[in-house]
Each structure stands twice: as structure tokens, then as C-alpha cells.
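Notes to accompany the following structure.
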Amino acid sequence: MDKLLNKLQTTLFDLRREYRELRRHRDPETERVKKMIFETEEKFEEILLADIQNITSNQELYSKMTKLVGEAQGAVEIIADYQNKIAGIAKVLSKIGTVIKTASEVLNLT
Amino acid sequence: MKTLKYICALIAIVFITGCASIPTQNFSSLLHTTREASEAIDKVLQENYKLESDIIREEIILDERPLYDVFLERQGSYSIKPEISTPMLESIETARSALSDINDLAIEYMELLATLSGANNTPKDHFIELAESFNDTSTAITDSLNVDLGPDTLPTLSVAGSEVLRLMLEGKRRKLLLEVLEGNQPVIEEYCAFAIELIDKIEISLYHSYSKYFARIDDQLFYEDNAEERRIMVNRAYELNGRYVNALKALESVRKIYEQIPEAHGSLSTFKYSRGVKLLVKYGKELSNSYEDLF
């Protein structure tokens with residue numbers, strides 16, 4: 001596909017140069033070459049479209065990327081869960097301290 | 001003396017657990033540059049689309065293309081082709097939609113990586129909160145047990161406690177990040193190869209539109225005798241050239257970014273400021289500079 005595109009690109013380049021030359025001399029062949037340029041442009045564009053469609057039809061990559069996002073999302077959720085657990089531990093420790101404090105105050109009172 | 005012991009214990013814990021926390025800057029750089037590259041490609045494709053639409057308009061005006069060919073095509077009951085369409089416009093739209101879909105997924109992934117690394121969190125605040133909570137706990141316990149640990153010991157204890165919890169979290173975070181980064185490296189390589197392949201086609205497409213447009217201006221100029229009209233045409237050619245050069249510069253920077261992303265992604269797992277990330281930031285800056293002139 002690439003070779004064909006390159007070949008057509010070179011053909012277009014040559015045709016445009018030829019067209020400018022003929023145009024300069026007001027040659028009756030000018031219009032014929034102009035038509036050839038349009039036809040080559042059309043062909044080039046059709047091949048480019050087919051080429052791009054061929055590249056973008058890679059569905060496997062889309063599903064791999066979706067899976068990759070899913071995995072990263074899973075890891076973020078695990079960390080958030082872990083972070084909450086750690087915050088929970090801190091709260092529990094804090095409560096234990098308060099309970100001990102209250103208990104000792106009660107004991108002192110009695 | 002006791003305070004010193006706690007500090008030593010804390011240093012030992014930090015040393016054993018692996019010392020360094022994750023450099024979140026690298027993750028933010030990767031996310032930022034990828035987002036910028038994705039936006040730049042889209043702008044180049046918009047420019048390409050605009051160039052093609054302008055050429056079609058010119059062709060219709062010059063009677064080189066019939067109006068009916070472009071607009072009116074019945075596609076079913078009560079519907080006609082809603083927009084102008086040619087193979088060239090279709091290929092630009094196909095590339096645009098494919099890159100937009102895949103880049104959105106990549107950006108979502110990188111946002112999640114940044115969150116996972118802690119770049120999108122405020123872990124400091126969280127651990128200050130924990131330290132305060134620990135301080136209260138320790139004060140409560142020592143008060144109730146009627147133990148005097150000295151003025152510096154309690155804050156040190158609470159900081160050490162929260163630091164241990166922070167390191168536990170960091171350890172878990174590092175482990176998960178390594179798994180995600182290493183497991184997904186081949187997909188990132190495939191993604192960038194896909195983007196580069198399409199970027200190369202966009203470059204061909206852009207050159208084709210530019211040279212086609214330029215050839216038409218040149219043709220009109222040849223047959224035009226009016227000096228004012230000629231001035232307008234030459235100015236259009238200059239303007240077209242400027243647009244093409246800017247789009248090409250942006251595309252070149254974007255290509256370099258996609259070449260660096262696999263290395264930058266791979267080096268995130270070493271948690272060092274790598275060559276990959278450094279280059280990514282450099283090309284990102286280059287892109288920003290040409291980006292400003294793009295439109």
C-alpha cells in the first residue's frame with residue numbers, strides 16, 4: 001500500500017510539473033494532463049482511504065486498551081480500599097485511647 | 001533518650017520499607033504530554049479537513065466538480081447525505097475518529113496511573129490527619145496510664161505511627177503500580193506504533209491536500225491579469241504555506257512524543273526520572289510552542 005501511495009505521489013509530482021510546462025507554452029495538451037492529474041488525485045485518495053481504514057480496523061488493539069483501563073481502574077480501587085482500611089485502623093486506635101482514658105477516669109472517680 | 005530511640009526506629013522502618021516514595025511528577029508529565037499530543041493531532045486533522053473542504057469549494061466554483069456530486073445523495077427515505085463527502089474527507093474523519101477513541105482510552109489509563117501513583121491525591125493531608133489522630137490517641141493512653149514520656153516523645157510517636165501506615169500504603173501502591181506498568185507495557189508499545197502509523201498517513205494526507213490546493217492557486221494565478229487579484233492569490237499561497245508548515249511542525253513533535261511514550265511508560269516502573277520522561281517533557285514543550293502558532 002505504501003509503495004503504491006509513494007508511486008502515485010511521484011506520478012502526481014511529475015504530472016503537475018509537466019502541466020506547468022505545457023501551460024507555459026499554451027500547449028493544447030494542457031487540458032489532457034490536467035484531467036490526468038484529477039484522475040490520479042482521485043486514485044491516490046481512494047488508496048489512502050483504504051489504507052487508513054485498514055489500519056483503523058484493528059479491533060484487537062481497542063479491546064486490549066479497554067482491558068488496560070479496566071486493570072488500572074481495579075488497582076486504583078484496591079488502593080482506595082486499602083487507604084480506607086488504614087484510616088479505619090487510625091480511628092480504632094483513637095477510640096481505644098479514648099476508652100482507656102474514660103475508663104481510667106471512671107476508676108479514679110470510684 | 002527515648003525520643004532518640006523512636007527516631008532511630010522510624011529511620012530503620014523507612015530504610016527497610018524502601019525509603020523513597022513514588023515520584024508522582026513523572027506520572028503527571030506522561031499524562032499531560034499525552035493529552036497535549038492527542039489534542040494537537042486532532043487540530044492537525046481539523047486543519048487537514050478544512051483544507052480539503054476549501055479545495056472542494058474551489059473545484060465547484062471553477063466548475064471542476066459538480067455540486068450534485070458532493071451534496072445530494074439520497075441515503076434512504078427522508079434522508080440525504082448530510083455533509084459533503086469525498087474519499088479524502090472520509091479518510092481524515094476515519095483517522096480522526098480512530099485516534100480520538102484510542103487516545104481517550106490511553107488518557108483514561110494515564111489518569112488512573114497518576115491517581116494510583118498518588119499524583120491526583122493529597123496524601124500529605126491524609127497523613128497529617130492520621131498523625132493528629134495518633135497524637136490524640138497516644139496522649140489519651142499516656143494520660144490514663146499516668147506515664148510521663150517527655151515533651152517530644154508523643155509527637156514523635158504519632159508521626160512515627162502515621163509514617164508506618166504511610167509506608168504500608170506506599171508499599172502496596174508500588175506493588176500494584178509495578179504490576180500494572182509491567183503487565184501493560186506491550187499494549188502501550190502497540191498503541192504508540194498504531195498512532196505513529198496513522199500519523200505518517202496524516203502527514204501524507206496533509207501534504208496531498210496542501211500540494212493540491214497550492215497547484216490550484218498557482219493555476220488561477222497564471223490566468224489572472226488583474227494586479228489586485230494576483231496580490232490576493234499570492235497572499236493566499238503564503239498563508240497556505242504558513243498553515244502547512246505549522247501543522248507539519250506540530251505533527252513532527254507529536255510523532256516524537258509517541259516514539260518516547262513506550263520508554264517513558266517503561267521507565268515509570270523504575271521510579272526514577274528517566275531519559276524517556278525527560279525527552280517527553282522536552283517534545284511536549286516543543287509541541288506547545290508550535291501549537292500556539294497552529295491556528
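By convention in this document, the chains of the C-alpha cells carry letters A, B, ... by their order, each chain's residues are numbered from 1, and ligands are numbered from 1 in the order they are shown.
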
Excluding range 213-222 of chain B and residues on its chain fewer than 5 positions from it, collect all residues at most 8 Å away from it, counting only C-alpha atoms, and give them as a PyMOL selection string. (chain A and resi 16) or (chain B and resi 51+55+230+233-234+236-237+240)

Go ahead and dump the residues you just picked, all heavy atoms, as a CSV table (one decimal), in the first residue's frame.
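Printed below is again.csv as written:
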chain,number,residue,atom,x,y,z
A,16,ARG,N,2.2,17.3,-12.5
A,16,ARG,CA,2.0,18.7,-12.2
A,16,ARG,C,3.1,19.6,-12.8
A,16,ARG,O,2.9,20.7,-13.3
A,16,ARG,CB,2.0,19.0,-10.7
A,16,ARG,CG,0.6,18.6,-10.0
A,16,ARG,CD,0.5,19.0,-8.6
A,16,ARG,NE,-0.8,18.5,-8.0
A,16,ARG,CZ,-0.9,17.8,-7.0
A,16,ARG,NH1,0.2,17.4,-6.3
A,16,ARG,NH2,-2.0,17.4,-6.5
B,51,LEU,N,-8.7,22.3,4.9
B,51,LEU,CA,-8.0,22.5,3.6
B,51,LEU,C,-8.8,21.7,2.5
B,51,LEU,O,-9.0,22.3,1.4
B,51,LEU,CB,-6.6,21.8,3.7
B,51,LEU,CG,-5.5,22.7,4.0
B,51,LEU,CD1,-4.2,21.9,4.1
B,51,LEU,CD2,-5.3,23.8,3.0
B,55,ILE,N,-10.7,23.2,-0.8
B,55,ILE,CA,-10.4,22.7,-2.2
B,55,ILE,C,-11.7,22.4,-2.9
B,55,ILE,O,-11.9,22.7,-4.1
B,55,ILE,CB,-9.4,21.5,-2.2
B,55,ILE,CG1,-8.1,22.0,-1.6
B,55,ILE,CG2,-9.2,21.0,-3.6
B,55,ILE,CD1,-7.2,20.8,-1.2
B,230,ARG,N,-4.2,39.2,-8.3
B,230,ARG,CA,-3.0,38.4,-8.2
B,230,ARG,C,-2.4,38.6,-6.8
B,230,ARG,O,-1.9,37.6,-6.2
B,230,ARG,CB,-2.0,38.9,-9.2
B,230,ARG,CG,-2.3,38.5,-10.7
B,230,ARG,CD,-1.3,39.0,-11.7
B,230,ARG,NE,0.0,38.5,-11.5
B,230,ARG,CZ,0.4,37.3,-12.0
B,230,ARG,NH1,-0.4,36.6,-12.7
B,230,ARG,NH2,1.6,36.9,-11.8
B,233,MET,N,-4.2,36.3,-4.4
B,233,MET,CA,-3.8,34.9,-4.7
B,233,MET,C,-2.4,34.6,-4.1
B,233,MET,O,-2.3,33.6,-3.5
B,233,MET,CB,-3.8,34.6,-6.2
B,233,MET,CG,-5.2,34.4,-6.7
B,233,MET,SD,-5.2,34.4,-8.5
B,233,MET,CE,-6.9,34.5,-8.8
B,234,VAL,N,-1.5,35.5,-4.3
B,234,VAL,CA,-0.1,35.3,-3.7
B,234,VAL,C,-0.2,35.3,-2.2
B,234,VAL,O,0.4,34.4,-1.5
B,234,VAL,CB,0.9,36.3,-4.3
B,234,VAL,CG1,2.2,36.2,-3.5
B,234,VAL,CG2,1.1,36.2,-5.7
B,236,ARG,N,-2.7,34.4,-0.4
B,236,ARG,CA,-3.3,33.1,-0.1
B,236,ARG,C,-2.3,32.0,-0.1
B,236,ARG,O,-2.3,31.1,0.8
B,236,ARG,CB,-4.5,32.8,-1.1
B,236,ARG,CG,-5.8,33.3,-0.6
B,236,ARG,CD,-6.9,33.1,-1.7
B,236,ARG,NE,-7.2,31.7,-1.8
B,236,ARG,CZ,-7.8,31.2,-2.9
B,236,ARG,NH1,-8.1,31.9,-3.9
B,236,ARG,NH2,-8.1,29.9,-3.0
B,237,ALA,N,-1.4,32.0,-1.1
B,237,ALA,CA,-0.4,31.0,-1.2
B,237,ALA,C,0.6,31.1,0.0
B,237,ALA,O,0.9,30.0,0.6
B,237,ALA,CB,0.4,31.1,-2.5
B,240,LEU,N,-1.3,29.8,3.1
B,240,LEU,CA,-1.4,28.3,3.0
B,240,LEU,C,-0.1,27.7,3.4
B,240,LEU,O,-0.1,26.7,4.2
B,240,LEU,CB,-1.8,27.9,1.5
B,240,LEU,CG,-1.9,26.5,1.2
B,240,LEU,CD1,-3.1,25.8,1.9
B,240,LEU,CD2,-2.0,26.2,-0.3

List as a list of chain:residue names the protein and nucleic acid residues near Asp51 in chain A, meaning an atom at most 9 Å away when only C-alpha atoms are counted, but skip any in the same chain fewer than 3 places from it.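 Here the qualifying residues turn out to be A:Met1, A:Asp2, A:Glu46, A:Ile47, A:Leu48, A:Asn54, A:Ile55, A:Thr56, B:Ser91, B:Lys201.
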
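Using only C-alpha atoms, the residues found no farther than 8 Å from Leu61 in chain A, other than those of its own chain fewer than 2 positions away, are Asn58, Gln59, Ser63, Lys64 and Met65 of chain A; Val187, Glu190 and Tyr191 of chain B.
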
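Proximity ranking of B:Glu189, B:Leu99, B:Lys212, B:Ile22 relative to Ile37 in chain A places B:Lys212 first, based on only C-alpha atoms.
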
Between CA of Leu112 in chain B and CA of Ala195 in chain B, what is the spacing in Å? 20.7 Å

What is the distance, in Å and to one decimal place, between CA of Val245 in chain B and CA of Asp54 in chain B?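 Computing the Euclidean distance for CA of Val245 in chain B and CA of Asp54 in chain B yields 17.7 Å.
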
Which residues are close to Glu263 in chain B, i.e. within 6 Å by only C-alpha atoms, leaving aside same-chain residues fewer than 3 positions away? Reply as a PyMOL selection string. chain B and resi 260+266+276

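Distance annotation: of B:Ser290, B:Ser209, B:Ser269, B:Ser53, the residue with the minimal separation from Ser85 in chain B is B:Ser53; atom set is only C-alpha atoms.
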